[in-house]
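Below is protein-v4.txt, holding compact mmCIF, C-alpha atoms.
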```txt
# COMPACT_ATOMS: atom_id res chain seq x y z
CA MET K 2 4.99 -7.02 -52.42
CA THR K 3 6.82 -9.34 -50.02
CA LYS K 4 7.70 -6.32 -47.89
CA VAL K 5 4.04 -5.32 -47.67
CA ILE K 6 3.01 -8.86 -46.68
CA ASN K 7 5.78 -9.02 -44.09
CA LEU K 8 4.67 -5.68 -42.70
CA LEU K 9 1.05 -6.79 -42.52
CA VAL K 10 1.83 -10.02 -40.70
CA SER K 11 4.48 -8.52 -38.43
CA PRO K 12 3.78 -8.85 -34.67
CA ASN K 13 3.70 -5.05 -34.33
CA THR K 14 0.99 -4.65 -36.97
CA LEU K 15 -0.99 -7.58 -35.59
CA SER K 16 -0.76 -6.16 -32.09
CA ALA K 17 -1.89 -2.70 -33.23
CA ALA K 18 -4.78 -4.18 -35.24
CA LEU K 19 -5.90 -6.38 -32.38
CA MET K 20 -5.69 -3.47 -29.92
CA GLY K 21 -7.79 -1.32 -32.27
CA THR K 22 -10.37 -4.10 -32.59
CA THR K 23 -10.41 -4.52 -28.80
CA LEU K 24 -11.08 -0.82 -28.29
CA TRP K 25 -13.94 -1.03 -30.79
CA LEU K 26 -15.35 -4.03 -28.92
CA ILE K 27 -15.08 -2.22 -25.58
CA PHE K 28 -16.66 1.05 -26.65
CA VAL K 29 -19.07 0.03 -29.39
CA TRP K 30 -19.87 -3.67 -29.43
CA VAL K 31 -20.23 -4.88 -25.85
CA PRO K 32 -23.50 -3.97 -24.09
CA THR K 33 -23.47 -1.84 -20.97
CA GLU K 34 -23.40 -3.91 -17.80
CA THR K 35 -26.62 -3.61 -15.82
CA ASN K 36 -25.30 -3.00 -12.30
CA GLN K 37 -22.36 -0.65 -12.67
CA GLY K 38 -23.24 1.01 -15.94
CA ALA K 39 -20.62 2.35 -18.34
CA VAL K 40 -17.87 2.46 -15.72
CA GLN K 41 -17.76 -1.36 -15.79
CA ARG K 42 -15.91 -1.04 -19.13
CA ILE K 43 -12.80 -0.37 -17.06
CA LEU K 44 -12.80 -4.13 -16.40
CA TYR K 45 -11.61 -4.80 -19.97
CA LEU K 46 -8.48 -2.76 -19.30
CA HIS K 47 -7.90 -3.38 -15.63
CA VAL K 48 -8.03 -7.20 -15.67
CA PRO K 49 -5.74 -7.73 -18.71
CA ILE K 50 -3.23 -5.20 -17.33
CA ALA K 51 -3.23 -6.95 -13.95
CA TRP K 52 -2.80 -10.23 -15.81
CA GLY K 53 0.21 -8.70 -17.61
CA ALA K 54 1.72 -7.66 -14.27
CA MET K 55 1.39 -11.20 -12.91
CA MET K 56 2.71 -12.69 -16.14
CA GLY K 57 5.68 -10.34 -15.81
CA ILE K 58 6.77 -11.66 -12.42
CA VAL K 59 6.38 -15.23 -13.67
CA VAL K 60 8.70 -14.44 -16.62
CA VAL K 61 11.13 -12.61 -14.31
CA SER K 62 11.30 -15.54 -11.91
CA ALA K 63 11.50 -18.13 -14.71
CA GLY K 64 14.30 -16.14 -16.37
CA SER K 65 16.06 -15.78 -13.03
CA PHE K 66 15.77 -19.48 -12.32
CA MET K 67 17.16 -20.33 -15.74
CA TYR K 68 20.00 -17.84 -15.22
CA LEU K 69 20.94 -19.47 -11.90
CA TRP K 70 20.85 -22.86 -13.58
CA LYS K 71 22.46 -22.20 -16.95
CA LYS K 72 24.49 -19.06 -16.10
CA ASN K 73 23.53 -17.67 -19.48
CA GLU K 74 23.19 -13.87 -19.84
CA VAL K 75 20.22 -14.34 -22.16
CA TRP K 76 18.00 -15.36 -19.23
CA ASP K 77 19.19 -12.51 -17.05
CA ARG K 78 18.40 -10.01 -19.81
CA LEU K 79 14.96 -11.51 -20.24
CA ALA K 80 14.33 -11.18 -16.50
CA VAL K 81 15.37 -7.51 -16.44
CA ALA K 82 13.36 -6.64 -19.54
CA SER K 83 10.30 -8.38 -18.13
CA ALA K 84 10.70 -6.68 -14.75
CA GLU K 85 10.76 -3.26 -16.34
CA VAL K 86 7.67 -3.91 -18.42
CA GLY K 87 6.10 -5.59 -15.40
CA VAL K 88 6.53 -2.50 -13.26
CA VAL K 89 4.64 -0.48 -15.90
CA PHE K 90 1.82 -3.05 -15.96
CA GLY K 91 1.80 -3.33 -12.16
CA GLY K 92 1.63 0.42 -11.66
CA LEU K 93 -1.17 0.67 -14.21
CA ALA K 94 -3.10 -2.19 -12.61
CA LEU K 95 -3.04 -0.31 -9.31
CA LEU K 96 -3.96 3.03 -10.87
CA THR K 97 -6.82 1.70 -13.00
CA GLY K 98 -8.11 -0.27 -10.02
CA MET K 99 -8.08 2.80 -7.81
CA ILE K 100 -9.96 4.87 -10.36
CA TRP K 101 -12.52 2.09 -10.81
CA ALA K 102 -12.91 1.64 -7.05
CA ARG K 103 -13.91 5.28 -6.52
CA PRO K 104 -17.32 5.13 -8.26
CA VAL K 105 -18.19 1.52 -7.34
CA TRP K 106 -16.79 1.20 -3.83
CA ALA K 107 -16.80 4.90 -2.89
CA VAL K 108 -13.12 4.71 -1.89
CA TRP K 109 -9.83 5.11 -3.76
CA TRP K 110 -8.08 2.45 -1.73
CA THR K 111 -8.87 -0.16 0.87
CA GLY K 112 -6.66 -2.65 2.64
CA GLU K 113 -8.33 -5.74 1.17
CA ALA K 114 -6.25 -8.79 0.25
CA LYS K 115 -6.10 -8.49 -3.55
CA LEU K 116 -5.15 -4.82 -3.48
CA THR K 117 -2.52 -5.30 -0.81
CA THR K 118 -0.91 -8.31 -2.52
CA THR K 119 -0.86 -6.44 -5.85
CA LEU K 120 0.81 -3.48 -4.16
CA ILE K 121 3.37 -5.91 -2.73
CA LEU K 122 3.97 -7.23 -6.27
CA PHE K 123 4.61 -3.67 -7.46
CA PHE K 124 7.10 -3.15 -4.62
CA ILE K 125 8.82 -6.44 -5.50
CA TYR K 126 9.33 -5.17 -9.06
CA VAL K 127 10.63 -1.83 -7.81
CA ALA K 128 12.94 -3.53 -5.27
CA TYR K 129 14.29 -5.85 -7.96
CA LEU K 130 15.04 -2.97 -10.35
CA MET K 131 16.48 -0.76 -7.61
CA PHE K 132 18.72 -3.58 -6.46
CA ARG K 133 20.02 -4.03 -9.98
CA ALA K 134 20.54 -0.30 -10.39
CA TYR K 135 22.46 0.32 -7.16
CA PHE K 136 24.29 -2.92 -6.38
CA PRO K 137 27.87 -3.02 -7.84
CA PRO K 138 27.86 -4.73 -11.26
CA GLY K 139 28.98 -8.32 -11.52
CA SER K 140 27.75 -11.87 -11.34
CA GLN K 141 26.94 -11.51 -7.62
CA ARG K 142 24.42 -8.80 -8.44
CA GLN K 143 22.77 -11.00 -11.02
CA ARG K 144 22.63 -13.97 -8.67
CA LEU K 145 21.14 -12.00 -5.78
CA ALA K 146 18.64 -10.28 -8.09
CA ALA K 147 17.60 -13.68 -9.40
CA ILE K 148 16.97 -14.90 -5.85
CA ILE K 149 14.86 -11.79 -5.10
CA ALA K 150 12.80 -12.44 -8.24
CA ILE K 151 12.21 -16.11 -7.41
CA ILE K 152 11.11 -15.26 -3.86
CA GLY K 153 8.92 -12.46 -5.24
CA ALA K 154 7.09 -14.89 -7.51
CA ILE K 155 5.46 -16.45 -4.43
CA ASP K 156 3.16 -13.42 -4.47
CA THR K 157 1.61 -14.41 -7.82
CA PRO K 158 -0.61 -17.33 -6.70
CA ILE K 159 -1.55 -15.35 -3.58
CA ILE K 160 -2.84 -12.51 -5.78
CA TYR K 161 -4.67 -14.95 -8.03
CA PHE K 162 -6.48 -16.73 -5.22
CA ALA K 163 -6.83 -13.71 -2.90
CA ALA K 164 -10.48 -13.06 -3.75
CA ASN K 165 -11.37 -16.69 -3.06
CA LEU K 166 -9.25 -16.99 0.08
CA TRP K 167 -10.39 -13.76 1.69
CA SER K 168 -13.92 -12.80 0.64
CA GLN K 169 -13.80 -9.04 0.59
CA ALA K 170 -14.47 -6.33 -1.95
CA HIS K 171 -13.10 -8.11 -5.03
CA PRO K 172 -15.58 -10.59 -6.49
CA PRO K 173 -14.56 -14.29 -6.52
CA LEU K 174 -12.79 -15.56 -9.65
CA ILE K 175 -15.08 -15.76 -12.66
CA THR K 176 -12.56 -16.85 -15.26
CA GLY K 177 -9.61 -19.20 -15.25
CA PRO K 178 -9.02 -22.66 -13.79
CA ALA K 179 -9.92 -21.73 -10.19
CA ALA K 180 -13.15 -19.96 -11.11
CA ASP K 181 -16.45 -21.03 -9.62
CA SER K 182 -18.24 -23.11 -12.28
CA GLU K 183 -21.59 -21.53 -11.40
CA SER K 184 -20.49 -17.95 -11.88
CA SER K 185 -19.35 -16.69 -15.24
CA LEU K 186 -19.31 -13.62 -17.40
CA GLY K 187 -21.94 -13.32 -20.11
CA THR K 188 -20.86 -14.43 -23.58
CA SER K 189 -20.29 -10.96 -25.03
CA LEU K 190 -18.51 -9.72 -21.90
CA GLY K 191 -16.35 -12.84 -21.91
CA ILE K 192 -15.42 -12.39 -25.58
CA VAL K 193 -14.32 -8.79 -25.03
CA LEU K 194 -12.34 -9.72 -21.92
CA LEU K 195 -10.62 -12.53 -23.81
CA ALA K 196 -9.83 -10.27 -26.80
CA SER K 197 -8.47 -7.61 -24.48
CA THR K 198 -6.36 -10.13 -22.57
CA ILE K 199 -4.84 -11.41 -25.83
CA SER K 200 -4.16 -7.81 -26.99
CA PHE K 201 -2.40 -6.85 -23.78
CA THR K 202 -0.48 -10.12 -23.66
CA LEU K 203 0.79 -9.39 -27.17
CA LEU K 204 1.66 -5.83 -26.13
CA PHE K 205 3.53 -7.19 -23.12
CA ILE K 206 5.54 -9.58 -25.32
CA LEU K 207 6.37 -6.80 -27.79
CA LEU K 208 7.51 -4.41 -25.08
CA VAL K 209 9.67 -7.11 -23.48
CA LYS K 210 11.14 -7.94 -26.90
CA ILE K 211 12.04 -4.30 -27.56
CA ARG K 212 13.50 -3.84 -24.08
CA TYR K 213 15.45 -7.09 -24.39
CA LYS K 214 17.06 -5.95 -27.65
CA ILE K 215 18.09 -2.63 -26.13
CA ARG K 216 19.46 -4.38 -23.07
CA LYS K 217 21.44 -6.75 -25.28
CA SER K 218 22.95 -3.82 -27.19
CA GLU K 219 23.79 -2.07 -23.90
CA ASP K 220 25.56 -5.18 -22.61
CA GLU K 221 27.49 -5.59 -25.84
CA ILE K 222 28.60 -1.96 -25.76
CA LYS K 223 29.75 -2.36 -22.15
CA GLN K 224 31.69 -5.46 -23.15
CA LEU K 225 33.27 -3.69 -26.13
CA LYS K 226 34.26 -0.74 -23.95
CA GLN K 227 35.79 -3.03 -21.35
CA ASN K 228 37.75 -4.91 -24.04
CA HIS K 229 38.85 -1.64 -25.60
CA GLU K 230 40.04 -0.35 -22.22
CA LEU K 231 41.90 -3.59 -21.58
CA ASP K 232 43.55 -3.39 -24.99
CA SER K 233 44.60 0.21 -24.31
CA VAL K 234 46.08 -0.77 -20.94
CA LYS K 235 47.93 -3.69 -22.53
CA LEU K 236 49.33 -1.46 -25.28
CA HIS K 237 50.34 1.13 -22.73
CA ASN K 238 52.11 -1.51 -20.59
CA ILE K 239 53.90 -2.98 -23.60
CA SER K 240 55.11 0.41 -24.76
CA GLN K 241 56.26 1.27 -21.24
CA ALA K 242 58.13 -2.05 -21.00
CA ARG K 243 59.84 -1.43 -24.34
CA GLY K 244 60.79 2.08 -23.29
CA THR K 245 62.47 0.91 -20.09
CA SER K 246 64.37 -1.92 -21.81
CA MET R 8 -46.15 -10.54 7.50
CA SER R 9 -46.19 -12.22 4.13
CA TRP R 10 -42.63 -12.96 2.94
CA GLY R 11 -43.85 -13.27 -0.60
CA PHE R 12 -45.30 -9.79 -0.51
CA VAL R 13 -42.00 -8.31 0.66
CA ILE R 14 -39.92 -10.22 -1.88
CA LEU R 15 -42.12 -9.11 -4.73
CA GLY R 16 -42.60 -5.65 -3.34
CA LEU R 17 -39.06 -4.51 -2.70
CA PRO R 18 -37.72 -4.27 -6.24
CA SER R 19 -40.74 -2.39 -7.39
CA VAL R 20 -40.26 0.11 -4.58
CA ALA R 21 -36.64 0.59 -5.56
CA LEU R 22 -37.39 0.99 -9.23
CA ALA R 23 -40.50 3.08 -9.04
CA GLN R 24 -39.89 6.24 -10.99
CA SER R 25 -41.86 8.39 -8.56
CA THR R 26 -39.79 7.29 -5.56
CA PRO R 27 -36.43 8.99 -5.23
CA ILE R 28 -33.57 6.51 -4.93
CA VAL R 29 -29.87 6.58 -4.21
CA ASN R 30 -27.44 3.91 -5.43
CA GLY R 31 -24.19 3.67 -3.56
CA ILE R 32 -21.98 2.18 -0.91
CA VAL R 33 -22.66 2.18 2.81
CA VAL R 34 -19.89 4.26 4.41
CA GLY R 35 -21.24 4.74 7.90
CA ILE R 36 -23.65 3.09 10.35
CA GLU R 37 -25.08 4.46 13.57
CA THR R 38 -26.56 2.13 16.16
CA ASP R 39 -27.90 2.57 19.67
CA GLU R 40 -26.66 0.83 22.82
CA ASP R 41 -28.73 -2.26 21.91
CA ASP R 42 -27.05 -2.45 18.48
CA GLN R 43 -30.25 -1.42 16.75
CA LEU R 44 -29.86 0.55 13.56
CA ILE R 45 -30.57 4.27 13.88
CA ALA R 46 -29.13 5.71 10.70
CA PHE R 47 -26.65 4.95 7.93
CA VAL R 48 -24.68 6.95 5.37
CA VAL R 49 -24.45 6.10 1.68
CA SER R 50 -21.91 7.49 -0.76
CA ASP R 51 -23.02 7.57 -4.39
CA SER R 52 -20.67 7.30 -7.37
CA ASN R 53 -20.07 11.07 -7.33
CA GLY R 54 -18.94 10.88 -3.71
CA ILE R 55 -22.07 12.63 -2.42
CA LEU R 56 -22.93 11.45 1.08
CA THR R 57 -26.53 11.01 2.16
CA THR R 58 -27.53 10.21 5.73
CA PHE R 59 -30.65 8.08 6.01
CA LYS R 60 -32.68 7.72 9.16
CA VAL R 61 -34.78 4.60 9.51
CA SER R 62 -38.33 4.11 10.71
CA ASP R 63 -40.31 1.05 11.79
CA THR R 64 -41.68 0.70 8.26
CA THR R 65 -38.26 0.70 6.54
CA LYS R 66 -37.99 -2.48 4.50
CA TYR R 67 -34.82 -4.47 3.91
CA GLY R 68 -33.82 -6.97 1.27
CA LEU R 69 -30.12 -7.63 1.72
CA GLU R 70 -27.97 -10.54 0.63
CA ASN R 71 -24.91 -11.79 2.46
CA GLN R 72 -21.64 -12.86 0.84
CA ALA R 73 -23.03 -16.35 0.20
CA GLY R 74 -26.04 -14.90 -1.61
CA ASP R 75 -28.63 -15.65 1.08
CA ARG R 76 -31.25 -12.95 0.98
CA TRP R 77 -32.67 -11.57 4.20
CA VAL R 78 -36.00 -9.80 3.91
CA SER R 79 -37.66 -7.99 6.77
CA ASN R 80 -38.59 -4.57 8.08
CA HIS R 81 -37.04 -2.36 10.69
CA LYS R 82 -39.56 -3.13 13.40
CA GLU R 83 -38.80 -6.84 13.24
CA GLY R 84 -35.09 -6.82 12.47
CA SER R 85 -33.33 -3.61 13.43
CA ILE R 86 -30.29 -5.43 14.88
CA GLU R 87 -29.99 -7.73 11.87
CA ALA R 88 -30.36 -4.68 9.59
CA ALA R 89 -27.37 -3.05 11.28
CA ARG R 90 -25.37 -6.27 10.98
CA ARG R 91 -26.24 -6.73 7.29
CA LEU R 92 -25.45 -3.14 6.42
CA PHE R 93 -22.15 -3.41 8.26
CA GLU R 94 -21.35 -6.51 6.21
CA HIS R 95 -22.25 -4.59 3.03
CA GLN R 96 -19.95 -1.80 4.13
CA GLU R 97 -17.13 -4.27 4.73
CA ARG R 98 -17.30 -5.79 1.26
CA PHE R 99 -18.31 -2.61 -0.59
CA ALA R 100 -21.52 -4.20 -1.81
CA PRO R 101 -23.70 -1.50 -3.39
CA VAL R 102 -27.21 -0.84 -2.16
CA THR R 103 -30.22 0.95 -3.53
CA VAL R 104 -32.07 3.09 -1.03
CA SER R 105 -35.48 4.55 -1.71
CA TYR R 106 -36.44 7.36 0.60
CA THR R 107 -38.84 10.11 1.53
CA GLU R 108 -38.00 13.56 2.78
CA VAL R 109 -39.79 14.74 5.88
CA SER R 110 -39.81 18.39 6.97
CA GLU R 111 -39.54 18.82 10.69
CA SER R 112 -41.12 21.66 12.64
CA SER R 113 -37.68 23.28 12.93
CA GLY R 114 -37.51 23.48 9.15
CA ARG R 115 -34.83 20.80 8.91
CA ILE R 116 -35.37 18.09 6.32
CA THR R 117 -34.83 14.51 7.45
CA VAL R 118 -34.27 11.77 4.91
CA ILE R 119 -36.07 8.57 5.89
CA ALA R 120 -35.19 5.34 4.11
CA THR R 121 -38.30 3.47 2.97
CA SER R 122 -36.41 0.48 1.56
CA VAL R 123 -32.82 -0.70 1.51
CA VAL R 124 -31.99 -3.46 -0.98
CA ASP R 125 -28.97 -4.80 -2.81
CA ARG R 126 -28.34 -2.59 -5.77
CA GLU R 127 -31.04 -2.94 -8.37
CA GLN R 128 -30.84 -2.04 -12.01
CA GLY R 129 -31.90 1.53 -12.38
CA LYS R 130 -30.54 5.05 -12.45
CA LEU R 131 -27.21 3.98 -13.85
CA GLU R 132 -24.60 6.66 -13.80
CA THR R 133 -22.33 6.98 -16.82
CA ASN R 134 -19.20 7.95 -14.90
CA LEU R 135 -17.54 8.87 -18.17
CA GLY R 136 -14.92 10.93 -16.34
CA TYR R 137 -13.57 7.80 -14.65
CA ILE R 138 -13.50 5.84 -17.90
CA PHE R 139 -11.71 8.68 -19.65
CA ALA R 140 -9.18 8.90 -16.81
CA VAL R 141 -8.44 5.16 -16.93
CA PHE R 142 -7.97 5.03 -20.71
CA ALA R 143 -6.00 8.28 -20.85
CA ILE R 144 -3.62 7.29 -18.04
CA THR R 145 -3.10 3.81 -19.51
CA TRP R 146 -2.14 5.05 -22.96
CA ILE R 147 -0.08 7.98 -21.66
CA MET R 148 1.91 5.52 -19.51
CA PHE R 149 2.46 3.10 -22.39
CA PHE R 150 3.52 5.85 -24.78
CA ALA R 151 5.76 7.40 -22.12
CA TYR R 152 7.44 4.02 -21.68
CA LEU R 153 7.85 3.66 -25.45
CA PHE R 154 9.34 7.16 -25.55
CA TYR R 155 11.75 6.17 -22.74
CA MET R 156 12.81 3.08 -24.69
CA ASP R 157 13.23 5.16 -27.85
CA ARG R 158 15.57 7.49 -25.96
CA LYS R 159 17.58 4.50 -24.70
CA GLN R 160 17.73 3.11 -28.24
CA LYS R 161 19.10 6.44 -29.50
CA VAL R 162 21.79 6.48 -26.82
CA VAL R 163 22.79 2.94 -27.75
CA GLN R 164 22.88 3.89 -31.43
CA TYR R 165 25.06 6.91 -30.66
CA GLU R 166 27.51 4.81 -28.64
CA ILE R 167 27.75 2.23 -31.42
CA THR R 168 28.59 5.03 -33.88
CA GLN R 169 31.23 6.37 -31.49
CA ILE R 170 32.83 2.94 -31.07
CA LYS R 171 32.84 2.33 -34.80
CA ALA R 172 34.50 5.71 -35.36
CA SER R 173 37.15 5.01 -32.72
CA LEU R 174 37.96 1.64 -34.27
CA LYS R 175 38.63 3.11 -37.71
```

Structure re-expressed in structure tokens:
Amino acid sequence: MTKVINLLVSPNTLSAALMGTTLWLIFVWVPTETNQGAVQRILYLHVPIAWGAMMGIVVVSAGSFMYLWKKNEVWDRLAVASAEVGVVFGGLALLTGMIWARPVWAVWWTGEAKLTTTLILFFIYVAYLMFRAYFPPGSQRQRLAAIIAIIGAIDTPIIYFAANLWSQAHPPLITGPAADSESSLGTSLGIVLLASTISFTLLFILLVKIRYKIRKSEDEIKQLKQNHELDSVKLHNISQARGTS
Amino acid sequence: MSWGFVILGLPSVALAQSTPIVNGIVVGIETDEDDQLIAFVVSDSNGILTTFKVSDTTKYGLENQAGDRWVSNHKEGSIEAARRLFEHQERFAPVTVSYTEVSESSGRITVIATSVVDREQGKLETNLGYIFAVFAITWIMFFAYLFYMDRKQKVVQYEITQIKASLK
């Protein structure tokens, strides 16, 4: 019985249930928007995914900052795990945006501010991960990667305010602290967007948690292998020394 | 001209069932040497391009970024019409164009815009293909990433087993 209760209240089950409910809200409950028609439902996926991508770089930079400060591997692992999940969210934000842009703007891509800054965010993630993959392992790699991540985080507020700073194709902010008080989503549209944002935030946390655990195991295995190799070398040296004496 | 008449009249023109309309984005504008609007091209949600010529009776009801609505006809505001449509093109603001088709003596059909307004409710396309693509790609990517992590987890598990075996 306890196992069943634990399973039901586990983050994975809650996330799956909330995601299922969100999909029901998107496809069944929320009314069709009057200007764009059914294609506007992409909003409920596109915005939360873009939110996840921005949240990712904030976690990466916060983890990197903490690593530089505390020199604790835990923060570095969190940064890497978040960067990897962030690149998935960032790539999806761009893809879903492009597909949505085609029917409503008649183009797949345009060089407007929000799109360009989001593309830059995606490249920052890719650069961060590539740097970590190709730079020789060691604390220098972690330090430099952390600096890249912290600099990259500057892009986040630019993306957030891009629609307000440069009035182009993206509409001005309608939710959040910087939103215009006069413009807002309707109640039902707002509820679905909120539910979807919570669902994808939970999914983001779960994915980061899984990736973090794997990363931790990988690091521990590397450490064990290094220790094992050192022990072998020591044993070999001792036996050689005994043989010569 | 009565402004009230135009304001009240434009939406009804756009929504009238008997009048053919096109909803879409302005993707091209042609002007003469005096910057007066001659024609413009609209792309609908299926990517179909329609070139509209304008006449003196073409009516406009177009808002700018700040939401100020400009209402006039082509005879009185052909330069402003070009400017407004260019601004709509720049910010991808959708328009609804009602039109008539005129057969010329050569047999060619010319499409003349009778009114150009900011997109009105009406003739909504479903665009289900785009929605399907977005949801399919999103979930395929997430499951692919989960699959990638599962593979990594298996490799880690295998290495742990190997280390345990070597320590025995």

Coordinates-based distance that separates atom CA of Ile116 of chain R from atom CA of Glu83 of chain R (Å, one decimal): 26.1 Å

Selection as a VMD selection string: residues within 12 Å of (-6.0, 2.0, -8.2), counting all atoms listed in the file: (chain K and resid 43 47 50 to 51 91 to 104 106 108 to 112 115 to 117 119 to 120) or (chain R and resid 137 140 to 141 144 to 145)

Create the file for the chosen residues now, containing C-alpha atoms and written as a PDB file, in the frame of the given file.
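The result, stored in out-v7.pdb:
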```pdb
ATOM      1  CA  ILE K  43     -12.800  -0.370 -17.060  1.00  0.00           C
ATOM      2  CA  HIS K  47      -7.900  -3.380 -15.630  1.00  0.00           C
ATOM      3  CA  ILE K  50      -3.230  -5.200 -17.330  1.00  0.00           C
ATOM      4  CA  ALA K  51      -3.230  -6.950 -13.950  1.00  0.00           C
ATOM      5  CA  GLY K  91       1.800  -3.330 -12.160  1.00  0.00           C
ATOM      6  CA  GLY K  92       1.630   0.420 -11.660  1.00  0.00           C
ATOM      7  CA  LEU K  93      -1.170   0.670 -14.210  1.00  0.00           C
ATOM      8  CA  ALA K  94      -3.100  -2.190 -12.610  1.00  0.00           C
ATOM      9  CA  LEU K  95      -3.040  -0.310  -9.310  1.00  0.00           C
ATOM     10  CA  LEU K  96      -3.960   3.030 -10.870  1.00  0.00           C
ATOM     11  CA  THR K  97      -6.820   1.700 -13.000  1.00  0.00           C
ATOM     12  CA  GLY K  98      -8.110  -0.270 -10.020  1.00  0.00           C
ATOM     13  CA  MET K  99      -8.080   2.800  -7.810  1.00  0.00           C
ATOM     14  CA  ILE K 100      -9.960   4.870 -10.360  1.00  0.00           C
ATOM     15  CA  TRP K 101     -12.520   2.090 -10.810  1.00  0.00           C
ATOM     16  CA  ALA K 102     -12.910   1.640  -7.050  1.00  0.00           C
ATOM     17  CA  ARG K 103     -13.910   5.280  -6.520  1.00  0.00           C
ATOM     18  CA  PRO K 104     -17.320   5.130  -8.260  1.00  0.00           C
ATOM     19  CA  TRP K 106     -16.790   1.200  -3.830  1.00  0.00           C
ATOM     20  CA  VAL K 108     -13.120   4.710  -1.890  1.00  0.00           C
ATOM     21  CA  TRP K 109      -9.830   5.110  -3.760  1.00  0.00           C
ATOM     22  CA  TRP K 110      -8.080   2.450  -1.730  1.00  0.00           C
ATOM     23  CA  THR K 111      -8.870  -0.160   0.870  1.00  0.00           C
ATOM     24  CA  GLY K 112      -6.660  -2.650   2.640  1.00  0.00           C
ATOM     25  CA  LYS K 115      -6.100  -8.490  -3.550  1.00  0.00           C
ATOM     26  CA  LEU K 116      -5.150  -4.820  -3.480  1.00  0.00           C
ATOM     27  CA  THR K 117      -2.520  -5.300  -0.810  1.00  0.00           C
ATOM     28  CA  THR K 119      -0.860  -6.440  -5.850  1.00  0.00           C
ATOM     29  CA  LEU K 120       0.810  -3.480  -4.160  1.00  0.00           C
TER      30      LEU K 120
ATOM     31  CA  TYR R 137     -13.570   7.800 -14.650  1.00  0.00           C
ATOM     32  CA  ALA R 140      -9.180   8.900 -16.810  1.00  0.00           C
ATOM     33  CA  VAL R 141      -8.440   5.160 -16.930  1.00  0.00           C
ATOM     34  CA  ILE R 144      -3.620   7.290 -18.040  1.00  0.00           C
ATOM     35  CA  THR R 145      -3.100   3.810 -19.510  1.00  0.00           C
TER      36      THR R 145
END
```

May I have the residues within 10 Å of Lys159 of chain R as a count of residues only, using only C-alpha atoms and disregarding those fewer than 4 positions away in the same chain? 10

Set out as JSON lines a contact list for chain K and chain R with a cut-off of 6 Å, giving each residue of chain K that qualifies its closest atom pair and distance in Å to one decimal, counting all atoms listed in the file, ordered by chain and rising residue number.
```
{"residue": "K:Thr35", "atom": "CA", "partner": "R:Gln128", "partner_atom": "CA", "distance": 5.9}
{"residue": "K:Asn36", "atom": "CA", "partner": "R:Gln128", "partner_atom": "CA", "distance": 5.6}
{"residue": "K:Gly38", "atom": "CA", "partner": "R:Leu131", "partner_atom": "CA", "distance": 5.4}
{"residue": "K:Ala39", "atom": "CA", "partner": "R:Thr133", "partner_atom": "CA", "distance": 5.2}
{"residue": "K:Val40", "atom": "CA", "partner": "R:Asn134", "partner_atom": "CA", "distance": 5.7}
{"residue": "K:Thr97", "atom": "CA", "partner": "R:Val141", "partner_atom": "CA", "distance": 5.5}
{"residue": "K:Pro104", "atom": "CA", "partner": "R:Ser52", "partner_atom": "CA", "distance": 4.1}
{"residue": "K:Trp106", "atom": "CA", "partner": "R:Phe99", "partner_atom": "CA", "distance": 5.2}
{"residue": "K:Gln169", "atom": "CA", "partner": "R:Arg98", "partner_atom": "CA", "distance": 4.8}
{"residue": "K:Ala170", "atom": "CA", "partner": "R:Arg98", "partner_atom": "CA", "distance": 4.3}
```

To one decimal place in Å, what is the distance between atom CA of Thr26 of chain R and atom CA of Ala89 of chain R? 23.3 Å

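Within 12 Å of the point (-38.6, -7.9, 9.5) in file coordinates, and counting all atoms listed in the file, lie the residues Met8, Ser9, Trp10, Val13, Ile14, Asp63, Thr64, Thr65, Lys66, Tyr67, Gly68, Leu69, Trp77, Val78, Ser79, Asn80, His81, Lys82, Glu83, Gly84, Ser85, Ile86, Glu87, Ala88 and Ser122 of chain R.
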
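Atom CA of Ala114 of chain K sits 28.7 Å away from atom CA of Leu44 of chain R.
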
Please provide the set of residues having any atom within 9 Å of Thr202 of chain K, restricted to all atoms listed in the file, with same-chain residues fewer than 2 positions apart removed, written as a VMD selection string. chain K and resid 49 to 50 52 to 53 56 197 to 200 204 to 207

Pick out the residues sitting within 10 Å of Leu79 of chain K, and hand them over as a ChimeraX atom specification; count all atoms listed in the file, and ignore anything fewer than 3 positions along from it in its own chain. /K:60-65,68,74-76,82-84,209-210,212-214,216-217

Would you mind exporting C-alpha atoms of the selected residues as an mmCIF file, in the frame of the given file?
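Resulting contents of again19.cif:
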```cif
data_model
loop_
_atom_site.group_PDB
_atom_site.id
_atom_site.type_symbol
_atom_site.label_atom_id
_atom_site.label_comp_id
_atom_site.auth_asym_id
_atom_site.auth_seq_id
_atom_site.Cartn_x
_atom_site.Cartn_y
_atom_site.Cartn_z
ATOM 1 C CA VAL K 60 8.700 -14.440 -16.620
ATOM 2 C CA VAL K 61 11.130 -12.610 -14.310
ATOM 3 C CA SER K 62 11.300 -15.540 -11.910
ATOM 4 C CA ALA K 63 11.500 -18.130 -14.710
ATOM 5 C CA GLY K 64 14.300 -16.140 -16.370
ATOM 6 C CA SER K 65 16.060 -15.780 -13.030
ATOM 7 C CA TYR K 68 20.000 -17.840 -15.220
ATOM 8 C CA GLU K 74 23.190 -13.870 -19.840
ATOM 9 C CA VAL K 75 20.220 -14.340 -22.160
ATOM 10 C CA TRP K 76 18.000 -15.360 -19.230
ATOM 11 C CA ALA K 82 13.360 -6.640 -19.540
ATOM 12 C CA SER K 83 10.300 -8.380 -18.130
ATOM 13 C CA ALA K 84 10.700 -6.680 -14.750
ATOM 14 C CA VAL K 209 9.670 -7.110 -23.480
ATOM 15 C CA LYS K 210 11.140 -7.940 -26.900
ATOM 16 C CA ARG K 212 13.500 -3.840 -24.080
ATOM 17 C CA TYR K 213 15.450 -7.090 -24.390
ATOM 18 C CA LYS K 214 17.060 -5.950 -27.650
ATOM 19 C CA ARG K 216 19.460 -4.380 -23.070
ATOM 20 C CA LYS K 217 21.440 -6.750 -25.280
#
```
